[in-house]
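K.L.:
File final-v2.cif follows (mmCIF, C-alpha atoms):
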```cif
data_input
#
loop_
_atom_site.group_PDB
_atom_site.id
_atom_site.type_symbol
_atom_site.label_atom_id
_atom_site.label_comp_id
_atom_site.auth_asym_id
_atom_site.auth_seq_id
_atom_site.Cartn_x
_atom_site.Cartn_y
_atom_site.Cartn_z
ATOM 1 C CA MET Z 1189 -46.018 0.239 14.154
ATOM 2 C CA THR Z 1190 -45.129 -2.626 11.860
ATOM 3 C CA ASP Z 1191 -47.788 -4.972 10.513
ATOM 4 C CA GLN Z 1192 -46.311 -7.754 12.655
ATOM 5 C CA ALA Z 1193 -46.535 -5.612 15.798
ATOM 6 C CA PHE Z 1194 -50.160 -4.799 14.927
ATOM 7 C CA VAL Z 1195 -51.016 -8.494 14.677
ATOM 8 C CA ALA Z 1196 -49.230 -9.231 17.949
ATOM 9 C CA GLU Z 1197 -50.993 -6.331 19.718
ATOM 10 C CA THR Z 1198 -54.503 -6.962 18.385
ATOM 11 C CA GLY Z 1199 -54.483 -10.732 17.932
ATOM 12 C CA THR Z 1200 -56.268 -10.282 14.606
ATOM 13 C CA ALA Z 1201 -55.402 -11.638 11.210
ATOM 14 C CA GLU Z 1202 -52.884 -9.479 9.472
ATOM 15 C CA ILE Z 1203 -54.356 -6.437 7.778
ATOM 16 C CA PRO Z 1204 -51.985 -4.721 5.387
ATOM 17 C CA GLY Z 1205 -50.964 -1.273 6.548
ATOM 18 C CA LYS Z 1206 -51.605 1.876 4.541
ATOM 19 C CA PRO Z 1207 -49.172 4.757 4.099
ATOM 20 C CA THR Z 1208 -50.150 8.154 5.453
ATOM 21 C CA SER Z 1209 -50.432 9.540 1.918
ATOM 22 C CA ALA Z 1210 -53.069 6.952 0.891
ATOM 23 C CA SER Z 1211 -55.906 8.773 2.640
ATOM 24 C CA ARG Z 1212 -54.587 12.348 3.004
ATOM 25 C CA THR Z 1213 -57.020 14.887 1.589
ATOM 26 C CA THR Z 1214 -57.764 18.597 1.243
ATOM 27 C CA LEU Z 1215 -61.230 20.118 1.298
ATOM 28 C CA SER Z 1216 -61.508 23.707 0.001
ATOM 29 C CA HIS Z 1217 -64.439 26.080 0.382
ATOM 30 C CA ILE Z 1218 -65.074 29.788 -0.260
ATOM 31 C CA MET Z 1219 -66.623 31.509 2.746
ATOM 32 C CA THR Z 1220 -69.770 33.575 2.084
ATOM 33 C CA HIS Z 1221 -72.095 35.823 4.093
ATOM 34 C CA ASN Z 1222 -74.133 32.711 4.977
ATOM 35 C CA ASP Z 1223 -71.147 31.498 7.020
ATOM 36 C CA THR Z 1224 -70.784 34.549 9.279
ATOM 37 C CA ASN Z 1225 -71.475 35.089 12.957
ATOM 38 C CA LEU Z 1226 -72.701 38.277 14.656
ATOM 39 C CA LEU Z 1227 -69.184 39.738 14.555
ATOM 40 C CA GLY Z 1228 -69.025 39.491 10.772
ATOM 41 C CA THR Z 1229 -66.380 36.766 10.692
ATOM 42 C CA VAL Z 1230 -66.910 33.127 9.787
ATOM 43 C CA HIS Z 1231 -68.660 31.205 12.546
ATOM 44 C CA GLY Z 1232 -66.425 28.724 14.377
ATOM 45 C CA GLY Z 1233 -69.083 26.052 13.917
ATOM 46 C CA VAL Z 1234 -68.785 26.378 10.135
ATOM 47 C CA ILE Z 1235 -65.043 25.745 10.380
ATOM 48 C CA MET Z 1236 -65.625 22.838 12.780
ATOM 49 C CA LYS Z 1237 -68.034 21.221 10.310
ATOM 50 C CA LEU Z 1238 -65.472 21.521 7.510
ATOM 51 C CA VAL Z 1239 -62.868 20.002 9.846
ATOM 52 C CA ASP Z 1240 -65.182 17.093 10.703
ATOM 53 C CA ASP Z 1241 -66.101 16.573 7.031
ATOM 54 C CA ALA Z 1242 -62.454 16.410 5.912
ATOM 55 C CA ALA Z 1243 -61.432 14.217 8.839
ATOM 56 C CA GLY Z 1244 -64.369 11.878 8.202
ATOM 57 C CA ALA Z 1245 -63.387 11.486 4.562
ATOM 58 C CA VAL Z 1246 -59.830 10.629 5.589
ATOM 59 C CA ALA Z 1247 -60.985 8.150 8.244
ATOM 60 C CA GLY Z 1248 -63.342 6.444 5.785
ATOM 61 C CA ARG Z 1249 -60.640 6.243 3.136
ATOM 62 C CA HIS Z 1250 -58.078 4.836 5.535
ATOM 63 C CA SER Z 1251 -60.413 2.306 7.139
ATOM 64 C CA GLY Z 1252 -62.061 1.299 3.874
ATOM 65 C CA GLY Z 1253 -65.587 2.004 5.056
ATOM 66 C CA PRO Z 1254 -67.742 3.951 7.477
ATOM 67 C CA ALA Z 1255 -66.134 5.724 10.423
ATOM 68 C CA VAL Z 1256 -67.811 7.897 13.037
ATOM 69 C CA THR Z 1257 -66.473 10.824 15.044
ATOM 70 C CA ALA Z 1258 -65.681 9.648 18.578
ATOM 71 C CA SER Z 1259 -64.078 12.847 19.889
ATOM 72 C CA MET Z 1260 -62.560 16.145 18.892
ATOM 73 C CA ASP Z 1261 -59.442 17.286 20.722
ATOM 74 C CA GLU Z 1262 -57.721 20.606 20.769
ATOM 75 C CA MET Z 1263 -59.723 22.560 18.206
ATOM 76 C CA VAL Z 1264 -57.677 25.736 18.048
ATOM 77 C CA PHE Z 1265 -58.691 28.904 16.211
ATOM 78 C CA LEU Z 1266 -55.569 30.946 15.470
ATOM 79 C CA GLU Z 1267 -56.919 33.731 13.238
ATOM 80 C CA PRO Z 1268 -60.404 34.850 12.197
ATOM 81 C CA VAL Z 1269 -61.709 33.734 8.818
ATOM 82 C CA ARG Z 1270 -63.502 36.352 6.709
ATOM 83 C CA VAL Z 1271 -66.095 36.368 3.985
ATOM 84 C CA GLY Z 1272 -64.267 35.864 0.700
ATOM 85 C CA ASP Z 1273 -61.572 33.671 2.199
ATOM 86 C CA LEU Z 1274 -60.776 30.442 0.411
ATOM 87 C CA VAL Z 1275 -60.416 27.936 3.234
ATOM 88 C CA HIS Z 1276 -58.364 24.763 2.798
ATOM 89 C CA VAL Z 1277 -58.844 21.965 5.328
ATOM 90 C CA LYS Z 1278 -55.961 19.473 5.146
ATOM 91 C CA ALA Z 1279 -56.378 16.158 6.958
ATOM 92 C CA GLN Z 1280 -54.440 12.941 7.436
ATOM 93 C CA VAL Z 1281 -54.434 9.878 9.683
ATOM 94 C CA ASN Z 1282 -51.756 10.368 12.341
ATOM 95 C CA TRP Z 1283 -52.215 7.177 14.362
ATOM 96 C CA THR Z 1284 -54.264 4.000 14.383
ATOM 97 C CA GLY Z 1285 -55.342 1.661 17.130
ATOM 98 C CA ARG Z 1286 -57.289 -1.549 16.701
ATOM 99 C CA THR Z 1287 -60.584 0.092 15.670
ATOM 100 C CA SER Z 1288 -59.853 3.800 16.028
ATOM 101 C CA MET Z 1289 -57.814 6.454 14.243
ATOM 102 C CA GLU Z 1290 -56.567 9.898 15.138
ATOM 103 C CA VAL Z 1291 -56.909 12.372 12.269
ATOM 104 C CA GLY Z 1292 -54.903 15.591 12.337
ATOM 105 C CA VAL Z 1293 -56.346 18.631 10.590
ATOM 106 C CA ARG Z 1294 -54.816 21.966 9.577
ATOM 107 C CA VAL Z 1295 -57.041 24.834 8.457
ATOM 108 C CA LEU Z 1296 -55.557 27.413 6.081
ATOM 109 C CA ALA Z 1297 -57.143 30.525 4.596
ATOM 110 C CA GLU Z 1298 -56.275 32.863 1.749
ATOM 111 C CA ARG Z 1299 -58.121 35.647 -0.004
ATOM 112 C CA TRP Z 1300 -59.980 34.238 -2.985
ATOM 113 C CA ASN Z 1301 -58.779 36.996 -5.314
ATOM 114 C CA GLU Z 1302 -55.160 37.424 -4.183
ATOM 115 C CA SER Z 1303 -52.107 35.310 -4.850
ATOM 116 C CA THR Z 1304 -50.654 35.477 -1.354
ATOM 117 C CA PRO Z 1305 -49.668 32.350 0.556
ATOM 118 C CA PRO Z 1306 -52.364 30.840 2.770
ATOM 119 C CA THR Z 1307 -52.224 31.480 6.523
ATOM 120 C CA GLN Z 1308 -52.869 28.770 9.082
ATOM 121 C CA VAL Z 1309 -56.046 29.754 10.900
ATOM 122 C CA GLY Z 1310 -56.763 26.622 12.917
ATOM 123 C CA SER Z 1311 -55.970 23.039 13.788
ATOM 124 C CA ALA Z 1312 -57.653 20.073 15.410
ATOM 125 C CA TYR Z 1313 -57.271 16.419 16.277
ATOM 126 C CA LEU Z 1314 -60.222 14.083 15.955
ATOM 127 C CA VAL Z 1315 -60.646 10.440 16.904
ATOM 128 C CA PHE Z 1316 -62.759 8.269 14.625
ATOM 129 C CA ALA Z 1317 -64.025 4.743 15.195
ATOM 130 C CA ALA Z 1318 -64.456 2.454 12.212
ATOM 131 C CA VAL Z 1319 -67.847 0.744 12.225
ATOM 132 C CA ASP Z 1320 -69.521 -2.033 10.270
ATOM 133 C CA ALA Z 1321 -73.041 -2.041 8.805
ATOM 134 C CA ASP Z 1322 -74.483 -2.733 12.269
ATOM 135 C CA GLY Z 1323 -72.570 0.130 13.877
ATOM 136 C CA LYS Z 1324 -70.175 -2.230 15.656
ATOM 137 C CA PRO Z 1325 -66.442 -1.427 15.796
ATOM 138 C CA ARG Z 1326 -64.296 -3.000 13.096
ATOM 139 C CA VAL Z 1327 -60.542 -3.370 12.764
ATOM 140 C CA VAL Z 1328 -58.623 -0.710 10.817
ATOM 141 C CA PRO Z 1329 -55.369 -1.085 8.897
ATOM 142 C CA PRO Z 1330 -52.312 0.249 10.694
ATOM 143 C CA VAL Z 1331 -51.059 3.586 9.399
ATOM 144 C CA GLN Z 1332 -47.525 3.599 8.037
ATOM 145 C CA PRO Z 1333 -45.832 6.966 8.604
ATOM 146 C CA GLU Z 1334 -43.764 7.880 5.549
ATOM 147 C CA THR Z 1335 -41.834 11.011 6.474
ATOM 148 C CA GLU Z 1336 -40.109 12.304 9.585
ATOM 149 C CA ARG Z 1337 -43.064 14.680 10.031
ATOM 150 C CA ASP Z 1338 -45.475 11.720 9.833
ATOM 151 C CA LYS Z 1339 -43.400 9.840 12.430
ATOM 152 C CA ARG Z 1340 -43.451 12.857 14.771
ATOM 153 C CA ARG Z 1341 -47.234 13.157 14.339
ATOM 154 C CA TYR Z 1342 -47.630 9.449 15.114
ATOM 155 C CA GLN Z 1343 -45.619 9.812 18.336
ATOM 156 C CA GLU Z 1344 -47.509 12.954 19.376
ATOM 157 C CA ALA Z 1345 -50.813 11.158 18.720
ATOM 158 C CA GLN Z 1346 -49.752 8.376 21.072
ATOM 159 C CA ILE Z 1347 -49.114 10.995 23.773
ATOM 160 C CA ARG Z 1348 -52.548 12.544 23.213
ATOM 161 C CA ARG Z 1349 -54.152 9.102 23.429
ATOM 162 C CA THR Z 1350 -52.378 8.380 26.720
ATOM 163 C CA HIS Z 1351 -53.613 11.707 28.112
ATOM 164 C CA ARG Z 1352 -57.204 11.107 26.899
ATOM 165 C CA LEU Z 1353 -57.315 7.705 28.571
ATOM 166 C CA ALA Z 1354 -55.725 8.996 31.805
ATOM 167 C CA ARG Z 1355 -58.180 11.926 31.948
ATOM 168 C CA ARG Z 1356 -61.146 9.595 31.365
ATOM 169 C CA ARG Z 1357 -59.903 7.205 34.083
ATOM 170 C CA ALA Z 1358 -59.299 10.036 36.604
ATOM 171 C CA ILE Z 1359 -62.782 11.501 36.051
ATOM 172 C CA LYS Z 1360 -64.399 8.083 36.449
ATOM 173 C CA GLU Z 1361 -62.494 7.479 39.688
ATOM 174 C CA LEU Z 1362 -63.470 10.900 41.055
ATOM 175 C CA ARG Z 1363 -67.144 10.302 40.272
ATOM 176 C CA GLU Z 1364 -67.024 6.883 41.928
ATOM 177 C CA GLN Z 1365 -65.327 8.388 44.987
ATOM 178 C CA ARG Z 1366 -67.908 11.182 45.244
ATOM 179 C CA ALA Z 1367 -70.757 8.684 44.865
ATOM 180 C CA ALA Z 1368 -69.235 6.509 47.629
ATOM 181 C CA GLU Z 1369 -69.118 9.619 49.864
ATOM 182 C CA GLY Z 1370 -72.818 10.183 49.236
ATOM 183 C CA HIS Z 1371 -72.573 13.175 46.929
ATOM 184 C CA GLU Z 1372 -75.277 13.488 44.304
ATOM 185 C CA ASP Z 1373 -74.638 14.993 40.901
#
```
Just give me the structure as structure tokens.

P.N.:
Amino acid sequence: MTDQAFVAETGTAEIPGKPTSASRTTLSHIMTHNDTNLLGTVHGGVIMKLVDDAAGAVAGRHSGGPAVTASMDEMVFLEPVRVGDLVHVKAQVNWTGRTSMEVGVRVLAERWNESTPPTQVGSAYLVFAAVDADGKPRVVPPVQPETERDKRRYQEAQIRRTHRLARRRAIKELREQRAAEGHED
């Protein structure tokens, strides 16, 4: 989205856009025995926290201030992570709305003491809302995709947003219908 389109869509004063690379970050962490579950692999919640930490840093960088997690979509675990793995969590802003941002995250793992290429072990999409000091939503700069990959991610993020909103609307309508029919939840 161009800066002009952002102004037209939001009706706000022009906020300069930021390129995708401006807030992209990688968080790396060595997994230890403290991170394991009962199966002896790294607990999914540990990975989810790293994902949220990296995504939050990216959202704060892009928006220029505090941002809070609004939702997490499609957290996918592809391979188990083991003690001794060096985990890299790579995050970037894929899409921006008026006050929200979608952050895409890839999780890679490699053995800490081997020089083999990292393997993708997970991915997730999170939505963050930028907030002011009072916790009220604030406007974010539009993201400016730089590469063809960034442009594809932007388009895919728009599809995910459309699906999130449609799902939310359908659930609300179903609940209203059931309430009108006298069903209690």

K.L.:
Calculated over only C-alpha atoms, which of the candidates Z:Ala1297, Z:Met1219, Z:Val1327, Z:Ala1358 has the smallest distance to Leu1266 (chain Z)?

P.N.:
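Comparing Z:Ala1297, Z:Met1219, Z:Val1327, Z:Ala1358 against Leu1266 (chain Z), the winner is Z:Ala1297.
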
K.L.:
Suppose a student applies the PyMOL selection byres ((chain Z and resi 1298) around 10) to this structure; what residues should they get, written as a PyMOL selection string?

P.N.:
chain Z and resi 1218+1269-1270+1272-1276+1296-1297+1299-1309

K.L.:
Kindly give the distance, in Å, that separates CA of Gln1343 (chain Z) and CA of Ala1317 (chain Z), rounded to a single decimal.

P.N.:
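Distance between the two atoms: 19.3 Å.
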
K.L.:
So which residues get picked by the PyMOL selection byres ((chain Z and resi 1206) around 8) here, written as a count of residues only?

P.N.:
10

K.L.:
Could you check how far CA of Arg1341 (chain Z) sits from CA of Trp1283 (chain Z), in Å to one decimal?

P.N.:
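Going from CA of Arg1341 (chain Z) over to CA of Trp1283 (chain Z) covers 7.8 Å.
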
K.L.:
Anything within 6 Å of (-62.8, 6.6, 15.6): list those residues as an MDAnalysis selection string, counting all atoms listed in the file and sticking to the file's coordinates.

P.N.:
chainID Z and resid 1256:1258 1288:1289 1315:1318

K.L.:
Extending 6 Å beyond the listed atoms of region 1248-1262 of chain Z on each side, what axis-aligned box results? I want centre and edge lengths in Å to one decimal, as AutoDock Vina command-line options.

P.N.:
```
--center_x -62.8 --center_y 11.0 --center_z 12.0 --size_x 22.1 --size_y 31.3 --size_z 29.6
```

K.L.:
Record the distance separating CA of Gln1280 (chain Z) and CA of Arg1294 (chain Z), expressed in Å with one decimal.

P.N.:
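So the two atoms, CA of Gln1280 (chain Z) and CA of Arg1294 (chain Z), lie 9.3 Å apart.
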
K.L.:
Which residue, Z:Leu1215, Z:Leu1362, Z:Leu1227, Z:Ile1347, has the smallest gap to Gly1244 (chain Z) when you use only C-alpha atoms?

P.N.:
Z:Leu1215

K.L.:
Enumerate, as number ranges by chain, the residues matched when the PyMOL selection byres ((chain Z and resi 1224) around 12) is run on the file above.

P.N.:
Z: 1219-1223, 1225-1235, 1268-1273

K.L.:
Which one is closest to Glu1262 (chain Z): Z:Met1236, Z:Ala1312, Z:Val1295, Z:Ala1279? Count only C-alpha atoms.

P.N.:
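Result for the nearest residue to Glu1262 (chain Z): Z:Ala1312.
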
K.L.:
Considering only C-alpha atoms, return as a list in words whatever protein or nucleic-acid residues lie within 9 Å of Ala1345 (chain Z), sequence-local ones (same chain, fewer than 2 positions apart) excluded.

P.N.:
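My reading of the contact set: Asn1282, Trp1283, Glu1290, Val1291, Gly1292, Tyr1313, Arg1340, Arg1341, Tyr1342, Gln1343, Ile1347, Arg1348, Arg1349 and Thr1350 of chain Z.
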
K.L.:
So, counting only C-alpha atoms, which residue among Z:Arg1286, Z:Ser1211, Z:Ala1242, Z:Asp1261 is closest to Pro1325 (chain Z)?

P.N.:
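Closest to Pro1325 (chain Z), using only C-alpha atoms: Z:Arg1286.
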
K.L.:
Which one is closest to Lys1324 (chain Z): Z:Ala1255, Z:Glu1202, Z:Ser1216, Z:Arg1352? Count all atoms listed in the file.

P.N.:
Z:Ala1255
